[in-house]
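> Would you mind keeping the following structure in view while I ask a few things?
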Amino acid sequence: MSAPYQLVIHHEGADEQRFKLPCGIYTLGQDKQNKIVLQDPSISWKHAVLSVSEQELAVEDLNSNTGTYIEGERIRDRKVFRPGQQLQVGTYSLRVLALSEKKKSVPPPPPAPKPEPVKPATTKPVASRPNLPAAKTLSPEARIRRNIKQQVHQELLDRLDLRRMTAENIEESGLQARARELVDQIINDVRERLPKGIDPQKLADEIYNEAVKLGPLEEYLEDDSITEIMVNGFDQIYLERGGKLVRGTTTFVDDNSVQAIIERIVAPLGRRIDESRPYVDARLPDGSRVNAIIHPLSLIGPCVTIRKFSKKPFTVDKLIEIGAITRGMALFSEICVKLRKNIIISGGTGSGKTTFLNVISSFLPDSERILTVEDAAELQLPQEHVVRLEARPANIEGTGAITIRDLVRNALRMRPDRIVVGECRGGEALDMLQAMNTGHEGSLTTVHANSPRDAMSRLETMVLMAGMDLPIRAIREQIGSAIHIVIQLARFQDGSRRVSKMTEVCGMEGDRIVLQDLFEFKQTGIDEKGKVLGSLVPSGNVPTFIQDIHARGLDLDPAVFDPQYAEKFIR
C-alpha cells in the first residue's frame, strides 16, 4: 500500500525536509532508536509518539522536558489532530500532509511556544531521515490494540505510585497483586469504549504480564512445543517449534517494554544492561538461557534470545525414544562415565550440547562430590552432592569480574571428584586439561566444533588463548592424554538433533592426535515430509580400553561395536 501522507520537518536555519509517511507508529526523539530522529538538546531521548492511520492522526507526549504542542497548545496525553496542523516538538515544527496536498505551498509556521531553557547545541541540528519500516505489516486492529495498551500501561504507572510502594517496602508479591487489581479496574472503566473484537480479559492479562512479568513471552514460555524464543525489536517475535522457525502472533508495546523485561530478568542475578554494557547473558528461574543485546549494538532495538529448558528434563530413555542415540551407545556412554573417562561433547550452536551434558551427567555416581562451573547456571544435575559455581561479569566500574577460568582453578581446591564445565570457550581449556591429567579424571565439558577433529583443533586454539607460550606438540600431547571420548552432536535439516559421531581419542602418533570413530550416523535419504532418514551404526572399531571394561566387571556386550549386530542395540 502506498504512503497516504507526507511528513514535513522545519527547523530554523536548516532546509525544510519532506518524507513519505506510511501508516504506522513512529517514536520521535534524540535517541537513534527512534523512527524519527530529531537531534537537538531541546528534544528528549524519547520525546513523543506519532500514530498514523488512514482514519486518524494522533500524537502523544512521553513526559518530555520541553513538551509537545499542537497549534501552540501543549498536550498532556494522546491527542488527535488534522492533516496540515502544526506540531511543535522542542525546537522543531512538523506537519503531516495528505499526499494530495503535497504540491501546495506550506506557510511558515507561526511562532512556537518558547521551550524551557536548554544548553545550546554545539553543532547545527539536522533531522535524520526517518527509519520508516516499509516491511511492517501490522493490521489496523493490531495498531489500535497497541495504542490502547500504551495508554492503559501509562495509567497503571500513574495509579501504582511505585515510589510510595518502594518507600513502604512492599514485597514483589504485594506489588503484583496491586498491579493486577489496578489493571482490572482500568479495563473495567474503559470496557464499553473498547473496539469490537478486543477481549477485555485477554487485554488485561496482556497488560498485566507486560507490566510485572515477561509480557508476550509468558504464553511462549508455557508452551512446551517451543524450544527457542527470539525477539527482534518490539514488533517481531520468532519461535522455534519442532526445529523450524515460525513467526509469533504477539508483539510488545514498544522498545521500552522490551528493555524493562530484560532488566526484570537480569536484575535478580546481579547483572546489568545499559549503554556502557549493552549485552548480557542470564537465565530464567527454570534454567532457560537468556541473551539480550540493546542499542547501540543492536540497530533494530532490544533483542532477546531465550533457549528454553524442558520442564521435564531429558532422560537417556527419552533420547533413545526420539532417535538421538541408540541404547548401545547409551550403555557405552554410561560405562565411560563410570570408568572416569574424560568426555568432550562437541557440536554447533543449538545442536543440544547442554541437554546432552545434562543426560550424561546423570550417570555420575551419587557418592561423589561434583562441581559445576558455568557462565550462566543451566545444568540440572539430579545428584545430591553438587556444588554449582557461576561466573560473574564486571561491575559498573569495570572491575570485579570472575571468569570461568578463575572458577575452574578455584574448583581444584574444593576437593572435587568430578568437574563439569558448562562450556570451554577460552583459556580455561588449559586448566581443564591440566586437571584431567593430574588426578581429576572423569571430567565433562562442551565445546563448539563441527567434528571431533575440529574439536581437537579448537582445544589447541583455546589453550593458546590462555597466554602460555607452549609449543603445539606439547599442547597436543596434553589433549591426547587428557581427552578420551568426543561425542559429536548435530542439528539436521529437518530440525532433529542427534549424535552424529562418537569418537575415541587414542593419543599421539608423531605430531598428530589419533582418533577412531566408534559410532556414526549414516544418512540414507529424506522422506516426502522432509524428515532425515538414517541410523546410528557402529564403525566396527573397538575402544582401546575394552580390557579395562572387563577388568572392572562392567557389563557390556562386545557385539555393541559390531555392525552386524547393530539392530540388537538400536532400542
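The chains in the C-alpha cells are called A, B, ... from first to last as shown; in each chain the residues are counted from 1, and the ligands are counted from 1 in the order shown.
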Any idea what's packed within 10 Å of Leu379 (chain A), counting only C-alpha atoms, ignoring anything in its chain fewer than 4 positions away? Could you give it as a list of chain:residue names?
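Here the answer would be A:Gly287, A:Ser288, A:Phe309, A:Thr354, A:Thr355, A:Leu357, A:Asn358, A:Val359, A:Ser361, A:Thr372, A:Val373, A:Glu374, A:Arg388, A:Val420, A:Val421, A:Gly422.
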> For Val266 (chain A), please output as a PDB file with all heavy atoms, in the first residue's frame all residues within 10 Å (counting only C-alpha atoms; exclusion window: fewer than 4 positions along the same chain).

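Wrote it out as out13.pdb, contents follow:
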```pdb
ATOM      1  N   ILE A 261      11.621  -5.610  30.407  1.00  0.00           N
ATOM      2  CA  ILE A 261      11.576  -7.049  30.657  1.00  0.00           C
ATOM      3  C   ILE A 261      12.991  -7.625  30.743  1.00  0.00           C
ATOM      4  O   ILE A 261      13.268  -8.505  31.567  1.00  0.00           O
ATOM      5  CB  ILE A 261      10.725  -7.741  29.574  1.00  0.00           C
ATOM      6  CG1 ILE A 261       9.253  -7.514  29.905  1.00  0.00           C
ATOM      7  CG2 ILE A 261      11.028  -9.227  29.472  1.00  0.00           C
ATOM      8  CD1 ILE A 261       8.288  -7.910  28.844  1.00  0.00           C
ATOM      9  N   ILE A 262      13.913  -7.107  29.923  1.00  0.00           N
ATOM     10  CA  ILE A 262      15.308  -7.551  30.020  1.00  0.00           C
ATOM     11  C   ILE A 262      15.849  -7.242  31.409  1.00  0.00           C
ATOM     12  O   ILE A 262      16.471  -8.089  32.067  1.00  0.00           O
ATOM     13  CB  ILE A 262      16.164  -6.871  28.941  1.00  0.00           C
ATOM     14  CG1 ILE A 262      15.745  -7.328  27.541  1.00  0.00           C
ATOM     15  CG2 ILE A 262      17.645  -7.177  29.163  1.00  0.00           C
ATOM     16  CD1 ILE A 262      16.416  -6.552  26.416  1.00  0.00           C
ATOM     17  N   GLY A 270      22.001 -10.025  39.706  1.00  0.00           N
ATOM     18  CA  GLY A 270      23.101  -9.109  39.973  1.00  0.00           C
ATOM     19  C   GLY A 270      23.812  -8.659  38.710  1.00  0.00           C
ATOM     20  O   GLY A 270      24.943  -8.180  38.773  1.00  0.00           O
ATOM     21  N   ARG A 271      23.147  -8.782  37.568  1.00  0.00           N
ATOM     22  CA  ARG A 271      23.748  -8.360  36.309  1.00  0.00           C
ATOM     23  C   ARG A 271      23.053  -7.099  35.826  1.00  0.00           C
ATOM     24  O   ARG A 271      22.003  -6.715  36.335  1.00  0.00           O
ATOM     25  CB  ARG A 271      23.664  -9.470  35.264  1.00  0.00           C
ATOM     26  CG  ARG A 271      24.312 -10.758  35.745  1.00  0.00           C
ATOM     27  CD  ARG A 271      24.582 -11.757  34.663  1.00  0.00           C
ATOM     28  NE  ARG A 271      25.310 -12.905  35.210  1.00  0.00           N
ATOM     29  CZ  ARG A 271      25.978 -13.778  34.486  1.00  0.00           C
ATOM     30  NH1 ARG A 271      26.021 -13.647  33.182  1.00  0.00           N
ATOM     31  NH2 ARG A 271      26.620 -14.782  35.043  1.00  0.00           N
ATOM     32  N   ARG A 272      23.643  -6.454  34.833  1.00  0.00           N
ATOM     33  CA  ARG A 272      23.083  -5.204  34.355  1.00  0.00           C
ATOM     34  C   ARG A 272      23.222  -5.122  32.839  1.00  0.00           C
ATOM     35  O   ARG A 272      24.037  -5.811  32.234  1.00  0.00           O
ATOM     36  CB  ARG A 272      23.795  -4.005  35.008  1.00  0.00           C
ATOM     37  CG  ARG A 272      25.267  -3.928  34.640  1.00  0.00           C
ATOM     38  CD  ARG A 272      25.992  -2.826  35.403  1.00  0.00           C
ATOM     39  NE  ARG A 272      27.413  -2.809  35.053  1.00  0.00           N
ATOM     40  CZ  ARG A 272      27.929  -2.144  34.033  1.00  0.00           C
ATOM     41  NH1 ARG A 272      27.130  -1.440  33.256  1.00  0.00           N
ATOM     42  NH2 ARG A 272      29.221  -2.169  33.778  1.00  0.00           N
ATOM     43  N   ILE A 273      22.397  -4.253  32.263  1.00  0.00           N
ATOM     44  CA  ILE A 273      22.489  -3.984  30.829  1.00  0.00           C
ATOM     45  C   ILE A 273      22.164  -2.515  30.624  1.00  0.00           C
ATOM     46  O   ILE A 273      21.148  -2.011  31.101  1.00  0.00           O
ATOM     47  CB  ILE A 273      21.546  -4.898  30.023  1.00  0.00           C
ATOM     48  CG1 ILE A 273      21.747  -4.688  28.515  1.00  0.00           C
ATOM     49  CG2 ILE A 273      20.094  -4.715  30.422  1.00  0.00           C
ATOM     50  CD1 ILE A 273      21.099  -5.768  27.660  1.00  0.00           C
ATOM     51  N   VAL A 280      24.158  -8.972  27.524  1.00  0.00           N
ATOM     52  CA  VAL A 280      24.253  -9.728  28.774  1.00  0.00           C
ATOM     53  C   VAL A 280      23.782 -11.158  28.541  1.00  0.00           C
ATOM     54  O   VAL A 280      22.918 -11.413  27.702  1.00  0.00           O
ATOM     55  CB  VAL A 280      23.395  -9.052  29.877  1.00  0.00           C
ATOM     56  CG1 VAL A 280      21.914  -9.160  29.561  1.00  0.00           C
ATOM     57  CG2 VAL A 280      23.688  -9.644  31.255  1.00  0.00           C
ATOM     58  N   ASP A 281      24.391 -12.101  29.271  1.00  0.00           N
ATOM     59  CA  ASP A 281      23.907 -13.485  29.345  1.00  0.00           C
ATOM     60  C   ASP A 281      23.271 -13.670  30.712  1.00  0.00           C
ATOM     61  O   ASP A 281      23.814 -13.220  31.727  1.00  0.00           O
ATOM     62  CB  ASP A 281      25.059 -14.481  29.174  1.00  0.00           C
ATOM     63  CG  ASP A 281      25.542 -14.554  27.733  1.00  0.00           C
ATOM     64  OD1 ASP A 281      24.687 -14.593  26.839  1.00  0.00           O
ATOM     65  OD2 ASP A 281      26.761 -14.559  27.517  1.00  0.00           O
ATOM     66  N   ALA A 282      22.130 -14.334  30.737  1.00  0.00           N
ATOM     67  CA  ALA A 282      21.425 -14.528  32.005  1.00  0.00           C
ATOM     68  C   ALA A 282      20.632 -15.826  31.916  1.00  0.00           C
ATOM     69  O   ALA A 282      20.780 -16.593  30.960  1.00  0.00           O
ATOM     70  CB  ALA A 282      20.512 -13.342  32.292  1.00  0.00           C
ATOM     71  N   ARG A 283      19.785 -16.043  32.906  1.00  0.00           N
ATOM     72  CA  ARG A 283      18.959 -17.252  32.922  1.00  0.00           C
ATOM     73  C   ARG A 283      17.636 -16.937  33.603  1.00  0.00           C
ATOM     74  O   ARG A 283      17.530 -16.008  34.414  1.00  0.00           O
ATOM     75  CB  ARG A 283      19.668 -18.387  33.667  1.00  0.00           C
ATOM     76  CG  ARG A 283      19.812 -18.133  35.158  1.00  0.00           C
ATOM     77  CD  ARG A 283      20.476 -19.284  35.893  1.00  0.00           C
ATOM     78  NE  ARG A 283      20.456 -19.089  37.330  1.00  0.00           N
ATOM     79  CZ  ARG A 283      21.287 -18.333  38.010  1.00  0.00           C
ATOM     80  NH1 ARG A 283      22.253 -17.710  37.373  1.00  0.00           N
ATOM     81  NH2 ARG A 283      21.179 -18.200  39.309  1.00  0.00           N
ATOM     82  N   LEU A 284      16.629 -17.706  33.265  1.00  0.00           N
ATOM     83  CA  LEU A 284      15.344 -17.621  33.937  1.00  0.00           C
ATOM     84  C   LEU A 284      15.345 -18.559  35.146  1.00  0.00           C
ATOM     85  O   LEU A 284      16.223 -19.423  35.253  1.00  0.00           O
ATOM     86  CB  LEU A 284      14.223 -18.002  32.964  1.00  0.00           C
ATOM     87  CG  LEU A 284      14.060 -17.082  31.746  1.00  0.00           C
ATOM     88  CD1 LEU A 284      12.945 -17.601  30.843  1.00  0.00           C
ATOM     89  CD2 LEU A 284      13.781 -15.661  32.173  1.00  0.00           C
ATOM     90  N   VAL A 290      19.236 -17.055  28.569  1.00  0.00           N
ATOM     91  CA  VAL A 290      18.792 -15.782  28.000  1.00  0.00           C
ATOM     92  C   VAL A 290      20.002 -14.987  27.537  1.00  0.00           C
ATOM     93  O   VAL A 290      20.990 -14.865  28.262  1.00  0.00           O
ATOM     94  CB  VAL A 290      18.001 -14.947  29.030  1.00  0.00           C
ATOM     95  CG1 VAL A 290      17.544 -13.626  28.403  1.00  0.00           C
ATOM     96  CG2 VAL A 290      16.810 -15.719  29.559  1.00  0.00           C
ATOM     97  N   ASN A 291      19.923 -14.453  26.326  1.00  0.00           N
ATOM     98  CA  ASN A 291      20.905 -13.479  25.845  1.00  0.00           C
ATOM     99  C   ASN A 291      20.146 -12.250  25.384  1.00  0.00           C
ATOM    100  O   ASN A 291      19.124 -12.362  24.715  1.00  0.00           O
ATOM    101  CB  ASN A 291      21.744 -14.036  24.688  1.00  0.00           C
ATOM    102  CG  ASN A 291      22.682 -12.994  24.107  1.00  0.00           C
ATOM    103  OD1 ASN A 291      22.325 -12.281  23.178  1.00  0.00           O
ATOM    104  ND2 ASN A 291      23.878 -12.902  24.645  1.00  0.00           N
ATOM    105  N   ALA A 292      20.632 -11.070  25.781  1.00  0.00           N
ATOM    106  CA  ALA A 292      19.986  -9.829  25.383  1.00  0.00           C
ATOM    107  C   ALA A 292      21.033  -8.854  24.877  1.00  0.00           C
ATOM    108  O   ALA A 292      22.160  -8.818  25.392  1.00  0.00           O
ATOM    109  CB  ALA A 292      19.215  -9.221  26.555  1.00  0.00           C
TER     110      ALA A 292
END
```
> I'd like to know which residues of region 223-452 of chain A are strand (DSSP E or B) (by DSSP, run on the backbone); could you write them as a VMD selection string?
chain A and resid 226 to 232 237 to 241 244 to 247 274 277 279 to 283 289 to 293 303 to 307 343 to 347 370 to 374 386 to 390 392 402 418 to 421 444 to 448
> Can you tell me, as a list in words, what residues are no more than 12 Å from Ile187 (chain A) when counting only C-alpha atoms, ignoring any on the same chain fewer than 5 positions away?
Ile148, Lys149, Gln151, Val152, His153, Glu155, Leu156, Arg180, Glu181, Leu182, Glu192, Arg193, Leu194, Ile198, Asp199, Pro200, Gln201, Lys202, Leu203, Ala204, Asp205, Glu206, Ile207 and Tyr208 of chain A
> When distances are computed from only C-alpha atoms, which of A:Gly553, A:Gly233, A:Pro22, A:Pro302 shows the smallest separation from Glu263 (chain A)?
A:Pro302
> Smallest atom-to-atom distance to Thr249 (chain A): which of A:Phe81, A:Tyr220, A:Tyr5, A:Tyr92, using only C-alpha atoms?
A:Tyr220
> I want to know what sits within 10 Å of Asp317 (chain A), based on only C-alpha atoms, with residues of the same chain fewer than 2 positions away left out; could you give that as a VMD selection string?
chain A and resid 314 to 315 319 to 323 325 to 327 330 359 571
> Write the residues you've just listed into a file as a compact mmCIF listing (two decimals), in the first residue's frame, and include all heavy atoms for each of them.

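Saved file result20.txt follows:
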```txt
# COMPACT_ATOMS: atom_id res chain seq x y z
N PHE A 314 15.31 -33.98 30.02
CA PHE A 314 15.50 -35.14 29.16
C PHE A 314 16.21 -36.24 29.93
O PHE A 314 17.12 -35.99 30.72
CB PHE A 314 16.34 -34.76 27.94
CG PHE A 314 15.53 -34.22 26.79
CD1 PHE A 314 15.18 -32.88 26.74
CD2 PHE A 314 15.10 -35.06 25.78
CE1 PHE A 314 14.43 -32.39 25.69
CE2 PHE A 314 14.35 -34.58 24.72
CZ PHE A 314 14.02 -33.24 24.68
N THR A 315 15.79 -37.46 29.66
CA THR A 315 16.45 -38.64 30.22
C THR A 315 17.07 -39.42 29.07
O THR A 315 16.77 -39.16 27.88
CB THR A 315 15.45 -39.54 30.96
OG1 THR A 315 14.47 -40.01 30.01
CG2 THR A 315 14.75 -38.78 32.07
N LEU A 319 16.01 -39.74 24.95
CA LEU A 319 16.91 -39.57 23.81
C LEU A 319 16.88 -40.80 22.91
O LEU A 319 16.94 -40.67 21.68
CB LEU A 319 18.34 -39.30 24.29
CG LEU A 319 18.58 -37.97 25.02
CD1 LEU A 319 20.06 -37.82 25.36
CD2 LEU A 319 18.13 -36.79 24.17
N ILE A 320 16.80 -41.96 23.52
CA ILE A 320 16.71 -43.20 22.72
C ILE A 320 15.39 -43.22 21.95
O ILE A 320 15.33 -43.58 20.78
CB ILE A 320 16.83 -44.43 23.64
CG1 ILE A 320 18.24 -44.50 24.24
CG2 ILE A 320 16.51 -45.71 22.87
CD1 ILE A 320 18.39 -45.56 25.32
N GLU A 321 14.32 -42.79 22.62
CA GLU A 321 12.99 -42.81 22.00
C GLU A 321 12.92 -41.91 20.77
O GLU A 321 12.30 -42.28 19.76
CB GLU A 321 11.95 -42.36 23.04
CG GLU A 321 10.53 -42.29 22.51
CD GLU A 321 9.57 -41.70 23.53
OE1 GLU A 321 9.83 -41.82 24.75
OE2 GLU A 321 8.57 -41.10 23.10
N ILE A 322 13.56 -40.74 20.83
CA ILE A 322 13.49 -39.81 19.70
C ILE A 322 14.58 -40.07 18.66
O ILE A 322 14.69 -39.35 17.67
CB ILE A 322 13.55 -38.34 20.17
CG1 ILE A 322 14.91 -38.05 20.84
CG2 ILE A 322 12.40 -38.03 21.11
CD1 ILE A 322 15.06 -36.59 21.26
N GLY A 323 15.40 -41.07 18.89
CA GLY A 323 16.42 -41.44 17.91
C GLY A 323 17.69 -40.61 17.97
O GLY A 323 18.49 -40.66 17.03
N ILE A 325 20.10 -41.13 20.07
CA ILE A 325 21.18 -42.03 20.46
C ILE A 325 20.59 -43.44 20.50
O ILE A 325 19.38 -43.61 20.69
CB ILE A 325 21.76 -41.61 21.84
CG1 ILE A 325 23.07 -42.35 22.13
CG2 ILE A 325 20.75 -41.81 22.94
CD1 ILE A 325 23.76 -41.84 23.40
N THR A 326 21.43 -44.45 20.31
CA THR A 326 20.94 -45.83 20.43
C THR A 326 21.19 -46.35 21.84
O THR A 326 21.97 -45.77 22.61
CB THR A 326 21.66 -46.76 19.44
OG1 THR A 326 23.05 -46.84 19.81
CG2 THR A 326 21.54 -46.25 18.02
N ARG A 327 20.52 -47.42 22.18
CA ARG A 327 20.70 -47.98 23.52
C ARG A 327 22.14 -48.48 23.71
O ARG A 327 22.71 -48.34 24.80
CB ARG A 327 19.70 -49.13 23.76
CG ARG A 327 19.72 -49.65 25.20
CD ARG A 327 18.48 -50.46 25.51
NE ARG A 327 17.26 -49.69 25.38
CZ ARG A 327 16.80 -48.84 26.32
NH1 ARG A 327 17.50 -48.66 27.43
NH2 ARG A 327 15.67 -48.19 26.13
N ALA A 330 24.21 -45.51 24.49
CA ALA A 330 23.92 -45.03 25.84
C ALA A 330 24.62 -45.89 26.89
O ALA A 330 25.19 -45.38 27.87
CB ALA A 330 22.41 -45.02 26.07
N VAL A 359 22.20 -35.08 30.44
CA VAL A 359 21.89 -36.51 30.43
C VAL A 359 23.11 -37.33 30.83
O VAL A 359 23.03 -38.24 31.67
CB VAL A 359 21.36 -36.95 29.05
CG1 VAL A 359 21.19 -38.46 28.98
CG2 VAL A 359 20.04 -36.25 28.74
N ARG A 571 17.26 -50.15 20.07
CA ARG A 571 16.24 -49.78 21.06
C ARG A 571 16.47 -50.53 22.36
O ARG A 571 16.98 -51.61 22.38
CB ARG A 571 14.84 -50.09 20.52
CG ARG A 571 14.46 -49.17 19.35
CD ARG A 571 14.02 -47.81 19.89
NE ARG A 571 13.53 -46.95 18.81
CZ ARG A 571 14.29 -46.01 18.24
NH1 ARG A 571 15.52 -45.84 18.63
NH2 ARG A 571 13.78 -45.24 17.30
```
> Could you find all residues in region 360-570 of chain A that DSSP calls alpha helix (DSSP H) from the backbone, and write them as a PyMOL selection string?
chain A and resi 360-361+404-411+428-437+452-464+472-482+546-551
> How would the residues just picked look written out with C-alpha atoms as a PDB file, in the first residue's frame?

```pdb
ATOM      1  CA  ILE A 360      25.492 -37.757  30.566  1.00  0.00           C
ATOM      2  CA  SER A 361      25.947 -36.094  33.958  1.00  0.00           C
ATOM      3  CA  ILE A 404      35.172 -19.366  34.056  1.00  0.00           C
ATOM      4  CA  ARG A 405      38.926 -19.833  34.235  1.00  0.00           C
ATOM      5  CA  ASP A 406      39.050 -18.329  37.750  1.00  0.00           C
ATOM      6  CA  LEU A 407      36.315 -20.719  38.868  1.00  0.00           C
ATOM      7  CA  VAL A 408      37.958 -23.790  37.304  1.00  0.00           C
ATOM      8  CA  ARG A 409      41.190 -23.046  39.145  1.00  0.00           C
ATOM      9  CA  ASN A 410      39.291 -22.451  42.372  1.00  0.00           C
ATOM     10  CA  ALA A 411      37.303 -25.665  41.896  1.00  0.00           C
ATOM     11  CA  GLU A 428      40.022 -22.297  30.900  1.00  0.00           C
ATOM     12  CA  ALA A 429      40.659 -25.142  28.428  1.00  0.00           C
ATOM     13  CA  LEU A 430      44.289 -25.258  29.627  1.00  0.00           C
ATOM     14  CA  ASP A 431      43.218 -25.531  33.269  1.00  0.00           C
ATOM     15  CA  MET A 432      40.705 -28.249  32.371  1.00  0.00           C
ATOM     16  CA  LEU A 433      43.352 -30.284  30.541  1.00  0.00           C
ATOM     17  CA  GLN A 434      45.780 -29.934  33.442  1.00  0.00           C
ATOM     18  CA  ALA A 435      43.081 -31.029  35.893  1.00  0.00           C
ATOM     19  CA  MET A 436      42.233 -34.054  33.738  1.00  0.00           C
ATOM     20  CA  ASN A 437      45.921 -35.008  33.626  1.00  0.00           C
ATOM     21  CA  PRO A 452      35.723 -34.436  16.557  1.00  0.00           C
ATOM     22  CA  ARG A 453      38.819 -33.417  14.579  1.00  0.00           C
ATOM     23  CA  ASP A 454      37.719 -29.769  14.685  1.00  0.00           C
ATOM     24  CA  ALA A 455      37.164 -30.132  18.432  1.00  0.00           C
ATOM     25  CA  MET A 456      40.835 -31.079  18.852  1.00  0.00           C
ATOM     26  CA  SER A 457      41.910 -28.044  16.831  1.00  0.00           C
ATOM     27  CA  ARG A 458      39.601 -25.786  18.806  1.00  0.00           C
ATOM     28  CA  LEU A 459      41.057 -27.060  22.090  1.00  0.00           C
ATOM     29  CA  GLU A 460      44.528 -26.188  20.784  1.00  0.00           C
ATOM     30  CA  THR A 461      43.367 -22.674  19.955  1.00  0.00           C
ATOM     31  CA  MET A 462      41.727 -22.194  23.356  1.00  0.00           C
ATOM     32  CA  VAL A 463      44.875 -23.343  25.167  1.00  0.00           C
ATOM     33  CA  LEU A 464      46.850 -20.727  23.230  1.00  0.00           C
ATOM     34  CA  ILE A 472      51.945 -27.008  19.615  1.00  0.00           C
ATOM     35  CA  ARG A 473      53.307 -30.507  20.184  1.00  0.00           C
ATOM     36  CA  ALA A 474      53.146 -30.049  23.973  1.00  0.00           C
ATOM     37  CA  ILE A 475      49.557 -28.862  23.705  1.00  0.00           C
ATOM     38  CA  ARG A 476      48.594 -31.825  21.530  1.00  0.00           C
ATOM     39  CA  GLU A 477      50.226 -34.235  23.960  1.00  0.00           C
ATOM     40  CA  GLN A 478      48.163 -32.702  26.764  1.00  0.00           C
ATOM     41  CA  ILE A 479      44.982 -33.101  24.701  1.00  0.00           C
ATOM     42  CA  GLY A 480      45.856 -36.613  23.541  1.00  0.00           C
ATOM     43  CA  SER A 481      46.429 -37.866  27.081  1.00  0.00           C
ATOM     44  CA  ALA A 482      43.606 -35.898  28.787  1.00  0.00           C
ATOM     45  CA  ILE A 546      37.953 -52.549  26.230  1.00  0.00           C
ATOM     46  CA  GLN A 547      40.048 -54.635  28.625  1.00  0.00           C
ATOM     47  CA  ASP A 548      39.524 -52.053  31.384  1.00  0.00           C
ATOM     48  CA  ILE A 549      35.773 -52.501  30.998  1.00  0.00           C
ATOM     49  CA  HIS A 550      36.031 -56.256  31.599  1.00  0.00           C
ATOM     50  CA  ALA A 551      38.600 -55.844  34.375  1.00  0.00           C
TER      51      ALA A 551
END
```
> List the spatial neighbours of Leu245 (chain A) as an MDAnalysis selection string - criterion: any atom at most 10 Å away, only C-alpha atoms, same-chain residues fewer than 4 positions off excluded.
chainID A and resid 226 228:230 238:241 495
> With N, CA, C and O atoms retained, write the just-selected residues as a JSON list (two decimals), in the first residue's frame.

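Output file out.json follows:
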```
[["chain", "number", "residue", "atom", "x", "y", "z"],
["A", 226, "ILE", "N", 7.58, -25.19, 22.15],
["A", 226, "ILE", "CA", 8.51, -24.14, 21.72],
["A", 226, "ILE", "C", 9.84, -24.34, 22.43],
["A", 226, "ILE", "O", 9.89, -24.46, 23.66],
["A", 228, "GLU", "N", 12.77, -22.37, 21.46],
["A", 228, "GLU", "CA", 13.56, -21.14, 21.45],
["A", 228, "GLU", "C", 12.65, -19.96, 21.12],
["A", 228, "GLU", "O", 11.73, -20.07, 20.31],
["A", 229, "ILE", "N", 12.92, -18.82, 21.77],
["A", 229, "ILE", "CA", 12.16, -17.59, 21.56],
["A", 229, "ILE", "C", 13.14, -16.51, 21.13],
["A", 229, "ILE", "O", 14.15, -16.29, 21.81],
["A", 230, "MET", "N", 12.85, -15.82, 20.03],
["A", 230, "MET", "CA", 13.74, -14.78, 19.51],
["A", 230, "MET", "C", 12.96, -13.49, 19.33],
["A", 230, "MET", "O", 12.03, -13.44, 18.52],
["A", 238, "TYR", "N", 10.02, -14.32, 16.88],
["A", 238, "TYR", "CA", 10.08, -15.61, 16.18],
["A", 238, "TYR", "C", 10.24, -16.73, 17.20],
["A", 238, "TYR", "O", 10.82, -16.53, 18.27],
["A", 239, "LEU", "N", 9.75, -17.90, 16.83],
["A", 239, "LEU", "CA", 9.78, -19.06, 17.71],
["A", 239, "LEU", "C", 10.37, -20.25, 16.97],
["A", 239, "LEU", "O", 10.22, -20.36, 15.74],
["A", 240, "GLU", "N", 11.04, -21.12, 17.72],
["A", 240, "GLU", "CA", 11.47, -22.39, 17.14],
["A", 240, "GLU", "C", 10.56, -23.48, 17.70],
["A", 240, "GLU", "O", 10.50, -23.70, 18.91],
["A", 241, "ARG", "N", 9.85, -24.13, 16.80],
["A", 241, "ARG", "CA", 8.93, -25.20, 17.18],
["A", 241, "ARG", "C", 9.21, -26.39, 16.27],
["A", 241, "ARG", "O", 9.14, -26.29, 15.06],
["A", 495, "GLY", "N", 15.46, -30.25, 11.48],
["A", 495, "GLY", "CA", 15.34, -29.73, 12.84],
["A", 495, "GLY", "C", 15.65, -30.74, 13.92],
["A", 495, "GLY", "O", 15.73, -30.37, 15.10]]
```
> Per residue of region 13-37 of chain A within 12 Å of region 61-76 of chain A, which atom pair is closest and at what distance in Å (one decimal), using only C-alpha atoms, listed by chain and increasing number, as CSV?

```
residue,atom,partner,partner_atom,distance
A:Thr27,CA,A:Leu62,CA,9.5
A:Leu28,CA,A:Leu62,CA,9.5
A:Gly29,CA,A:Ser64,CA,9.3
A:Gln30,CA,A:Ser64,CA,11.3
```
> What would the file look like if the residues just selected were written as a short mmCIF file (atom, residue, chain, number, x, y, z; two decimals), in the first residue's frame with N, CA and C atoms?

```cif
data_model
loop_
_atom_site.label_atom_id
_atom_site.label_comp_id
_atom_site.auth_asym_id
_atom_site.auth_seq_id
_atom_site.Cartn_x
_atom_site.Cartn_y
_atom_site.Cartn_z
N THR A 27 8.13 6.74 16.85
CA THR A 27 8.65 7.45 18.01
C THR A 27 9.55 8.59 17.54
N LEU A 28 9.52 9.71 18.26
CA LEU A 28 10.32 10.88 17.93
C LEU A 28 11.23 11.20 19.10
N GLY A 29 12.48 11.55 18.83
CA GLY A 29 13.39 11.94 19.89
C GLY A 29 14.83 11.95 19.42
N GLN A 30 15.74 12.22 20.38
CA GLN A 30 17.16 12.29 20.06
C GLN A 30 17.77 10.91 19.84
#
```
> Tell me, in Å to one decimal, how far CA of Gly442 (chain A) is from CA of Arg418 (chain A).
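Interatomic distance, CA of Gly442 (chain A) to CA of Arg418 (chain A): 6.0 Å.
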> Under the rule that only C-alpha atoms are counted, which of A:Trp45, A:Leu389, A:Leu297, A:Val212 is the nearest residue to Ile402 (chain A)?
A:Leu389
> Using only C-alpha atoms, determine which residues lie at most 8 Å from His11 (chain A), disregarding the query and same-chain residues fewer than 3 positions distant; provide the list as a compact mmCIF listing (two decimals) with N, CA, C and O atoms, in the first residue's frame.

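New file out.txt:
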```
# COMPACT_ATOMS: atom_id res chain seq x y z
N ALA A 14 17.78 25.61 8.99
CA ALA A 14 18.03 24.38 8.23
C ALA A 14 17.00 24.27 7.11
O ALA A 14 15.92 24.85 7.17
N ASP A 15 17.36 23.54 6.05
CA ASP A 15 16.44 23.35 4.94
C ASP A 15 15.26 22.49 5.37
O ASP A 15 15.39 21.57 6.17
N GLU A 16 14.10 22.81 4.80
CA GLU A 16 12.91 22.02 5.07
C GLU A 16 13.10 20.60 4.51
O GLU A 16 13.64 20.41 3.43
N THR A 91 12.39 22.37 19.47
CA THR A 91 12.61 23.48 18.54
C THR A 91 12.25 23.13 17.10
O THR A 91 12.56 23.89 16.18
N TYR A 92 11.63 21.99 16.88
CA TYR A 92 11.23 21.55 15.54
C TYR A 92 9.74 21.80 15.32
O TYR A 92 8.92 21.64 16.26
N SER A 93 9.38 22.14 14.09
CA SER A 93 7.99 22.22 13.67
C SER A 93 7.74 21.13 12.64
O SER A 93 8.51 20.98 11.69
```
